[in-house]
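Structure data (JSON, C-alpha atoms) from data_26.json:
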[["chain", "number", "residue", "atom", "x", "y", "z"],
["A", 1, "MET", "CA", -31.72, -15.87, -8.80],
["A", 2, "ARG", "CA", -30.51, -19.22, -10.05],
["A", 3, "ARG", "CA", -27.03, -19.85, -11.35],
["A", 4, "LEU", "CA", -26.28, -20.27, -15.06],
["A", 5, "GLY", "CA", -22.98, -21.54, -16.38],
["A", 6, "ARG", "CA", -21.07, -19.96, -19.23],
["A", 7, "GLY", "CA", -22.71, -20.51, -22.58],
["A", 8, "SER", "CA", -25.94, -21.87, -21.04],
["A", 9, "SER", "CA", -29.31, -20.58, -22.11],
["A", 10, "ASP", "CA", -32.30, -19.61, -20.05],
["A", 11, "SER", "CA", -35.48, -21.31, -21.21],
["A", 12, "GLY", "CA", -37.52, -18.77, -19.28],
["A", 13, "ASN", "CA", -36.05, -15.96, -21.33],
["A", 14, "SER", "CA", -38.00, -15.42, -24.53],
["A", 15, "GLY", "CA", -35.63, -15.05, -27.46],
["A", 16, "GLY", "CA", -32.57, -15.97, -25.37],
["A", 17, "GLY", "CA", -30.12, -15.77, -28.29],
["A", 18, "ARG", "CA", -31.40, -12.41, -29.44],
["A", 19, "GLY", "CA", -31.45, -11.06, -25.87],
["A", 20, "LYS", "CA", -27.82, -12.12, -25.39],
["A", 21, "LYS", "CA", -26.78, -10.34, -28.56],
["A", 22, "VAL", "CA", -28.58, -7.19, -27.47],
["A", 23, "ALA", "CA", -26.92, -7.38, -24.06],
["A", 24, "GLU", "CA", -23.48, -7.74, -25.65],
["A", 25, "GLU", "CA", -24.13, -4.64, -27.72],
["A", 26, "GLN", "CA", -25.03, -2.74, -24.57],
["A", 27, "VAL", "CA", -21.61, -3.26, -23.00],
["A", 28, "PRO", "CA", -19.94, 0.17, -23.31],
["A", 29, "ALA", "CA", -16.46, 0.46, -24.75],
["A", 30, "TRP", "CA", -14.96, 1.67, -21.47],
["A", 31, "LEU", "CA", -16.33, -1.36, -19.57],
["A", 32, "GLU", "CA", -15.15, -3.83, -22.18],
["A", 33, "GLY", "CA", -11.72, -2.18, -22.17],
["A", 34, "LEU", "CA", -11.48, -2.12, -18.38],
["A", 35, "MET", "CA", -12.18, -5.85, -18.15],
["A", 36, "GLY", "CA", -9.89, -6.79, -21.03],
["A", 37, "GLU", "CA", -6.96, -4.42, -20.67],
["A", 38, "THR", "CA", -3.57, -5.48, -19.29],
["A", 39, "PHE", "CA", -2.32, -3.41, -16.37],
["A", 40, "PHE", "CA", 1.01, -3.05, -14.55],
["A", 41, "SER", "CA", 3.07, -3.89, -17.61],
["A", 42, "GLY", "CA", 5.68, -1.46, -18.89],
["A", 43, "CYS", "CA", 4.50, 1.44, -21.01],
["A", 44, "GLY", "CA", 5.83, 1.15, -24.55],
["A", 45, "VAL", "CA", 5.86, 4.92, -25.04],
["A", 46, "HIS", "CA", 7.90, 5.57, -21.87],
["A", 47, "GLU", "CA", 9.88, 2.35, -21.61],
["A", 48, "VAL", "CA", 13.09, 4.18, -20.66],
["A", 49, "ARG", "CA", 11.45, 6.09, -17.79],
["A", 50, "LYS", "CA", 11.23, 4.97, -14.20],
["A", 51, "LYS", "CA", 7.84, 4.01, -12.73],
["A", 52, "ASN", "CA", 6.33, 3.40, -16.13],
["A", 53, "GLU", "CA", 3.86, 0.65, -15.19],
["A", 54, "LYS", "CA", 0.40, 1.16, -16.68],
["A", 55, "ASN", "CA", -1.92, 1.46, -13.69],
["A", 56, "ILE", "CA", -4.39, 4.09, -14.89],
["A", 57, "PHE", "CA", -7.36, 3.53, -17.18],
["A", 58, "CYS", "CA", -8.59, 6.32, -19.45],
["A", 59, "LEU", "CA", -12.38, 6.11, -19.68],
["A", 60, "THR", "CA", -12.39, 8.15, -22.89],
["A", 61, "CYS", "CA", -9.64, 6.39, -24.84],
["A", 62, "CYS", "CA", -10.48, 3.00, -23.25],
["A", 63, "LEU", "CA", -6.86, 2.01, -22.70],
["A", 64, "SER", "CA", -4.33, 1.69, -19.90],
["A", 65, "ILE", "CA", -1.68, 4.37, -19.47],
["A", 66, "CYS", "CA", 1.22, 5.16, -17.13],
["A", 67, "HIS", "CA", 1.76, 8.28, -15.03],
["A", 68, "HIS", "CA", 4.01, 9.80, -17.69],
["A", 69, "CYS", "CA", 1.10, 9.62, -20.17],
["A", 70, "LEU", "CA", -1.19, 11.68, -17.96],
["A", 71, "PRO", "CA", -0.52, 15.13, -19.47],
["A", 72, "ALA", "CA", -1.86, 13.88, -22.81],
["A", 73, "HIS", "CA", -5.09, 12.78, -21.07],
["A", 74, "ARG", "CA", -5.52, 15.85, -18.89],
["A", 75, "SER", "CA", -9.12, 16.48, -19.98],
["A", 76, "HIS", "CA", -10.23, 12.82, -19.83],
["A", 77, "PRO", "CA", -11.87, 10.94, -16.93],
["A", 78, "LEU", "CA", -9.27, 8.65, -15.36],
["A", 79, "LEU", "CA", -9.64, 5.59, -13.12],
["A", 80, "GLN", "CA", -6.85, 4.37, -10.83],
["A", 81, "VAL", "CA", -6.18, 0.62, -10.93],
["A", 82, "ARG", "CA", -4.39, -1.01, -8.02],
["A", 83, "ARG", "CA", -2.73, -4.33, -7.23],
["A", 84, "TYR", "CA", -3.76, -6.88, -4.60],
["A", 85, "VAL", "CA", -2.29, -10.40, -4.36],
["A", 86, "TYR", "CA", -0.91, -9.94, -7.90],
["A", 87, "GLN", "CA", -4.36, -9.17, -9.30],
["A", 88, "ASP", "CA", -5.93, -5.99, -10.67],
["A", 89, "VAL", "CA", -8.40, -4.28, -8.34],
["A", 90, "VAL", "CA", -10.25, -0.96, -8.21],
["A", 91, "ARG", "CA", -11.65, 0.91, -5.26],
["A", 92, "LEU", "CA", -15.30, 0.20, -4.72],
["A", 93, "ASP", "CA", -16.00, 3.88, -4.07],
["A", 94, "ASP", "CA", -14.62, 4.72, -7.52],
["A", 95, "VAL", "CA", -16.09, 2.01, -9.74],
["A", 96, "GLN", "CA", -19.54, 2.04, -8.20],
["A", 97, "LYS", "CA", -19.93, 5.55, -9.62],
["A", 98, "LEU", "CA", -19.80, 3.88, -13.05],
["A", 99, "ILE", "CA", -21.68, 0.62, -12.58],
["A", 100, "ASP", "CA", -23.82, -1.14, -9.97],
["A", 101, "CYS", "CA", -21.43, -3.35, -7.99],
["A", 102, "SER", "CA", -23.98, -5.00, -5.72],
["A", 103, "TYR", "CA", -23.40, -8.69, -4.93],
["A", 104, "ILE", "CA", -19.72, -8.48, -5.92],
["A", 105, "GLN", "CA", -17.52, -9.60, -3.04],
["A", 106, "ALA", "CA", -15.31, -6.78, -1.80],
["A", 107, "TYR", "CA", -12.04, -6.90, 0.14],
["A", 108, "THR", "CA", -10.52, -4.32, 2.47],
["A", 109, "ILE", "CA", -7.01, -3.02, 1.73],
["A", 110, "ASN", "CA", -5.50, -0.25, 3.87],
["A", 111, "GLY", "CA", -8.94, 0.72, 5.09],
["A", 112, "ALA", "CA", -10.49, 0.95, 1.61],
["A", 113, "LYS", "CA", -12.79, -1.59, -0.03],
["A", 114, "VAL", "CA", -11.76, -2.94, -3.43],
["A", 115, "ILE", "CA", -13.15, -5.44, -5.94],
["A", 116, "PHE", "CA", -11.33, -7.58, -8.48],
["A", 117, "LEU", "CA", -11.65, -6.73, -12.15],
["A", 118, "LYS", "CA", -11.19, -10.20, -13.63],
["A", 119, "GLU", "CA", -11.77, -13.84, -12.84],
["A", 120, "ARG", "CA", -8.92, -15.52, -10.97],
["A", 121, "ALA", "CA", -7.49, -18.97, -11.58],
["A", 122, "GLN", "CA", -8.48, -21.70, -9.12],
["A", 123, "SER", "CA", -6.47, -24.73, -8.08],
["A", 124, "ARG", "CA", -9.53, -26.98, -7.81],
["A", 125, "PRO", "CA", -13.28, -26.62, -8.34],
["A", 126, "CYS", "CA", -15.68, -26.28, -5.46],
["A", 127, "LYS", "CA", -17.50, -29.36, -4.20],
["A", 128, "GLY", "CA", -20.59, -29.34, -2.05],
["A", 129, "SER", "CA", -23.27, -26.78, -1.39],
["A", 130, "ALA", "CA", -21.10, -23.77, -0.55],
["A", 131, "ASN", "CA", -21.98, -20.27, -1.68],
["A", 132, "ILE", "CA", -20.20, -19.89, -5.02],
["A", 133, "CYS", "CA", -19.78, -17.37, -7.82],
["A", 134, "PHE", "CA", -22.57, -17.60, -10.40],
["A", 135, "THR", "CA", -19.99, -17.58, -13.21],
["A", 136, "CYS", "CA", -16.72, -19.24, -12.15],
["A", 137, "ASP", "CA", -17.74, -21.35, -9.09],
["A", 138, "ARG", "CA", -15.32, -19.62, -6.72],
["A", 139, "ILE", "CA", -16.33, -19.92, -3.06],
["A", 140, "LEU", "CA", -17.70, -16.65, -1.72],
["A", 141, "GLN", "CA", -18.94, -15.25, 1.53],
["A", 142, "PRO", "CA", -22.72, -14.96, 1.66],
["A", 143, "PRO", "CA", -24.64, -13.00, 0.42],
["A", 144, "PHE", "CA", -22.30, -12.28, -2.54],
["A", 145, "HIS", "CA", -22.93, -13.85, -5.96],
["A", 146, "PHE", "CA", -19.88, -12.70, -7.97],
["A", 147, "CYS", "CA", -16.15, -12.75, -7.27],
["A", 148, "CYS", "CA", -15.26, -9.90, -9.66],
["A", 149, "LEU", "CA", -16.69, -7.28, -11.97],
["A", 150, "SER", "CA", -16.24, -9.30, -15.15],
["A", 151, "CYS", "CA", -18.10, -12.28, -13.67],
["A", 152, "LYS", "CA", -21.13, -10.14, -12.96],
["A", 153, "VAL", "CA", -21.14, -8.56, -16.43],
["A", 154, "ASP", "CA", -20.64, -11.94, -18.14],
["A", 155, "HIS", "CA", -23.48, -13.44, -16.14],
["A", 156, "LEU", "CA", -25.90, -10.68, -17.08],
["A", 157, "VAL", "CA", -24.85, -10.81, -20.73],
["A", 158, "HIS", "CA", -25.38, -14.58, -20.93],
["A", 159, "ARG", "CA", -28.81, -14.13, -19.42],
["A", 160, "GLY", "CA", -29.59, -11.50, -22.02],
["A", 161, "GLU", "CA", -30.49, -8.95, -19.36],
["A", 162, "ASP", "CA", -30.63, -5.23, -19.99],
["A", 163, "LEU", "CA", -27.39, -3.61, -18.82],
["A", 164, "SER", "CA", -28.66, -0.07, -18.98],
["A", 165, "GLY", "CA", -30.18, -0.50, -15.53],
["A", 166, "ILE", "CA", -26.76, -0.99, -13.87],
["A", 167, "LEU", "CA", -24.71, 1.54, -15.85],
["A", 168, "TYR", "CA", -24.37, 5.15, -14.72],
["A", 169, "ARG", "CA", -23.43, 8.28, -16.59],
["A", 170, "ILE", "CA", -19.76, 9.18, -16.18],
["A", 171, "GLN", "CA", -19.30, 12.31, -14.08],
["A", 172, "GLU", "CA", -15.93, 13.62, -15.23],
["A", 173, "SER", "CA", -15.47, 15.62, -12.04],
["A", 174, "ASP", "CA", -15.29, 12.33, -10.09],
["A", 175, "PHE", "CA", -12.39, 11.07, -12.23],
["A", 176, "ALA", "CA", -10.53, 14.31, -12.91],
["A", 177, "TYR", "CA", -6.84, 14.64, -13.70],
["A", 178, "THR", "CA", -6.33, 16.59, -10.46],
["A", 179, "GLN", "CA", -6.41, 13.37, -8.41],
["A", 180, "PHE", "CA", -2.93, 12.56, -9.78],
["A", 181, "GLU", "CA", -1.38, 16.03, -9.60],
["A", 182, "GLY", "CA", 0.56, 15.25, -6.43],
["A", 183, "ASP", "CA", 2.35, 12.32, -8.04],
["A", 184, "VAL", "CA", 6.13, 12.78, -8.20],
["A", 185, "SER", "CA", 6.34, 11.35, -11.72],
["A", 186, "LEU", "CA", 4.32, 14.30, -13.04],
["A", 187, "SER", "CA", 7.03, 16.74, -12.03],
["A", 188, "SER", "CA", 9.00, 18.41, -14.79],
["A", 189, "GLU", "CA", 12.19, 17.94, -12.81],
["A", 190, "PRO", "CA", 14.53, 15.09, -13.86],
["A", 191, "ASP", "CA", 14.77, 11.79, -11.99],
["A", 192, "ASP", "CA", 17.37, 11.37, -9.28],
["A", 193, "ASP", "CA", 19.48, 9.19, -11.56],
["A", 194, "ASP", "CA", 19.50, 11.95, -14.21],
["A", 195, "VAL", "CA", 20.96, 14.59, -11.87],
["A", 196, "GLN", "CA", 24.75, 14.81, -12.06],
["A", 197, "ILE", "CA", 26.90, 17.01, -9.85],
["A", 198, "THR", "CA", 29.82, 18.46, -11.80],
["A", 199, "LYS", "CA", 32.81, 20.48, -10.66],
["A", 200, "ASN", "CA", 31.42, 23.61, -12.28],
["A", 201, "SER", "CA", 28.06, 23.19, -10.54],
["A", 202, "ILE", "CA", 29.61, 23.86, -7.11],
["A", 203, "ARG", "CA", 29.50, 27.51, -6.13],
["A", 204, "GLU", "CA", 32.67, 29.26, -5.11],
["A", 205, "ASP", "CA", 31.12, 30.08, -1.72],
["A", 206, "ASP", "CA", 30.68, 26.36, -1.02],
["A", 207, "ARG", "CA", 34.45, 25.93, -1.03],
["A", 208, "LEU", "CA", 35.02, 28.56, 1.68],
["A", 209, "PRO", "CA", 35.07, 27.93, 5.42],
["A", 210, "LEU", "CA", 31.70, 28.45, 7.05],
["A", 211, "PRO", "CA", 32.33, 31.92, 8.61],
["A", 212, "PHE", "CA", 33.43, 33.30, 5.21],
["A", 213, "LYS", "CA", 30.43, 32.12, 3.14],
["A", 214, "SER", "CA", 28.54, 35.05, 1.72],
["A", 215, "SER", "CA", 24.83, 35.22, 1.03],
["A", 216, "SER", "CA", 25.44, 36.36, -2.55],
["A", 217, "CYS", "CA", 28.02, 35.65, -5.21],
["A", 218, "SER", "CA", 31.09, 37.86, -4.73],
["A", 219, "SER", "CA", 34.05, 38.45, -6.97],
["A", 220, "ASN", "CA", 37.58, 37.29, -6.30],
["A", 221, "ALA", "CA", 38.63, 40.87, -5.76],
["A", 222, "ALA", "CA", 36.11, 41.36, -3.01],
["A", 223, "MET", "CA", 37.30, 38.24, -1.30],
["A", 224, "GLY", "CA", 40.87, 39.42, -1.60],
["A", 225, "SER", "CA", 40.06, 42.67, 0.21],
["A", 226, "SER", "CA", 38.66, 40.72, 3.14],
["A", 227, "GLY", "CA", 42.04, 39.24, 3.84],
["A", 228, "ILE", "CA", 41.93, 36.02, 1.75],
["A", 229, "SER", "CA", 44.33, 35.65, -1.14],
["A", 230, "THR", "CA", 43.23, 33.37, -3.97],
["A", 231, "SER", "CA", 45.14, 31.42, -6.52],
["A", 232, "ALA", "CA", 44.62, 31.67, -10.26],
["A", 233, "GLY", "CA", 41.88, 29.05, -10.13],
["A", 234, "GLY", "CA", 39.86, 31.06, -7.62],
["A", 235, "ALA", "CA", 40.37, 28.67, -4.70],
["A", 236, "PRO", "CA", 41.35, 30.13, -1.32],
["A", 237, "ASP", "CA", 45.07, 30.01, -0.76],
["A", 238, "THR", "CA", 46.48, 31.17, 2.59],
["A", 239, "MET", "CA", 44.90, 33.27, 5.26],
["A", 240, "LYS", "CA", 46.67, 36.46, 6.26],
["A", 241, "ARG", "CA", 46.06, 39.03, 8.92],
["A", 242, "ASN", "CA", 44.81, 42.26, 7.33],
["A", 243, "LYS", "CA", 46.13, 45.73, 8.09],
["A", 244, "LYS", "CA", 43.76, 46.38, 10.95],
["A", 245, "GLY", "CA", 44.81, 43.18, 12.62],
["A", 246, "PHE", "CA", 41.29, 41.75, 12.67],
["A", 247, "LEU", "CA", 40.86, 38.00, 12.34],
["A", 248, "PRO", "CA", 38.12, 35.81, 13.81],
["A", 249, "SER", "CA", 39.29, 34.14, 16.95],
["A", 250, "ILE", "CA", 38.43, 30.66, 15.73],
["A", 251, "PHE", "CA", 40.92, 31.09, 12.88],
["A", 252, "SER", "CA", 43.69, 32.77, 14.88],
["A", 253, "LEU", "CA", 47.02, 31.09, 14.29],
["A", 254, "ASN", "CA", 49.59, 30.29, 16.96],
["A", 255, "SER", "CA", 52.94, 32.05, 16.62],
["A", 256, "GLY", "CA", 54.72, 28.71, 16.78],
["A", 257, "ARG", "CA", 56.97, 29.72, 19.69],
["A", 258, "ARG", "CA", 56.87, 27.57, 22.78],
["A", 259, "LYS", "CA", 56.58, 29.30, 26.11],
["A", 260, "GLY", "CA", 59.77, 29.32, 28.09],
["A", 261, "ALA", "CA", 60.27, 27.76, 31.51],
["A", 262, "PRO", "CA", 58.34, 29.60, 34.20],
["A", 263, "GLN", "CA", 60.38, 32.17, 36.08],
["A", 264, "ARG", "CA", 60.46, 31.52, 39.77],
["A", 265, "SER", "CA", 61.61, 33.79, 42.51],
["A", 266, "PRO", "CA", 64.94, 32.76, 44.00],
["A", 267, "LEU", "CA", 64.84, 30.82, 47.18],
["A", 268, "SER", "CA", 65.35, 32.97, 50.22]]
I'd like the structure from this file rewritten - as structure tokens, please.
Amino acid sequence: MRRLGRGSSDSGNSGGGRGKKVAEEQVPAWLEGLMGETFFSGCGVHEVRKKNEKNIFCLTCCLSICHHCLPAHRSHPLLQVRRYVYQDVVRLDDVQKLIDCSYIQAYTINGAKVIFLKERAQSRPCKGSANICFTCDRILQPPFHFCCLSCKVDHLVHRGEDLSGILYRIQESDFAYTQFEGDVSLSSEPDDDDVQITKNSIREDDRLPLPFKSSSCSSNAAMGSSGISTSAGGAPDTMKRNKKGFLPSIFSLNSGRRKGAPQRSPLS
């Protein structure tokens, strides 16, 4: 396979212009959206929520969404987009269920192989006879021909090749909503910053010493019968010995009287 630059034509391809137009029409909406969408920017719908970066792609709506948008896309196939060296990547195991990713250079992150979605900027062009990307001239490890998914698709489109041979039918079970169900942002509970502890939210039992905490809410009268008098506000006041004289030893109070000098037998 010989390399063709952007916008070049293949003289060996009969009807190159027509073939290119046909190839462009064969690019599905989800693939065009995946390569052109902006990820990891703030979600405009949930801009006041935490963790609102758009890092999920809906294959039905062909747009990027955040985790707070997921309930509205519960029945749609969803693809997780990740970040590597400030660039958008997808797991190879996920995207190769949608399109043939052969000859795209993959990288390993946390034990999983990923590929880049888009072409990356280069500081300087390649010089010499190194193995380079067929589309953007980035240096690659052999035997790869493309540095990202978009470079492969662009190359095939410019050649006017049939894309139907590399596209697969979407199996919704492989991209189900359930893969995100364990995410904390899907919980109906408020964020930590939204939880406020007020004076009224503290139970009466929490104000009592540990031995006197009850397993269920008890009235002030019941607490009074156990030997604890309460003030008008319901807070424990002073501890008194009840009629039977029972009081836990750890709360027994000293009488306050000092022991007198020890009595010794007179010297004989």
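Considering all atoms listed in the file, the residue among A:Glu172, A:Asp94, A:Asp154, A:Glu161 positioned nearest to Gly19 of chain A is A:Glu161.
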Fill in: Point-to-point distance from atom CA of Arg138 of chain A to atom CA of Arg120 of chain A, Å rounded to tenths
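For atom CA of Arg138 of chain A relative to atom CA of Arg120 of chain A, the distance reads 8.7 Å.
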Any idea what's packed within 9 Å of segment 68-76 of chain A, counting only C-alpha atoms, ignoring anything in its chain fewer than 4 positions away? Could you give it as a compact mmCIF listing (two decimals) with C-alpha atoms, keeping the file's coordinate frame?
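This is the output file part_0.txt:
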# COMPACT_ATOMS: atom_id res chain seq x y z
CA CYS A 43 4.50 1.44 -21.01
CA VAL A 45 5.86 4.92 -25.04
CA HIS A 46 7.90 5.57 -21.87
CA ARG A 49 11.45 6.09 -17.79
CA LYS A 51 7.84 4.01 -12.73
CA ASN A 52 6.33 3.40 -16.13
CA ILE A 56 -4.39 4.09 -14.89
CA CYS A 58 -8.59 6.32 -19.45
CA LEU A 59 -12.38 6.11 -19.68
CA THR A 60 -12.39 8.15 -22.89
CA CYS A 61 -9.64 6.39 -24.84
CA GLU A 172 -15.93 13.62 -15.23
CA PHE A 175 -12.39 11.07 -12.23
CA ALA A 176 -10.53 14.31 -12.91
CA TYR A 177 -6.84 14.64 -13.70
CA THR A 178 -6.33 16.59 -10.46
CA PHE A 180 -2.93 12.56 -9.78
CA SER A 185 6.34 11.35 -11.72
CA LEU A 186 4.32 14.30 -13.04
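Residue nearest Pro77 of chain A, chosen from A:Arg159, A:Phe57, A:Ile115, A:Arg124 and counting all atoms listed in the file: A:Phe57.
As for atom CA of Val90 of chain A and atom CA of Lys50 of chain A, they are spaced 23.1 Å apart.
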Discussion item. Excluding segment 97-103 of chain A and its own-chain neighbours fewer than 3 positions away, which residues fall within 12 Å of it when counting only C-alpha atoms? Please give them as a PyMOL selection string.
Written reply: chain A and resi 1+27-28+30-31+34+59+77-79+90-94+106+113-117+132-134+140-153+163-175
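Distance-wise, atom CA of Cys62 of chain A and atom CA of Ala29 of chain A end up 6.7 Å apart.
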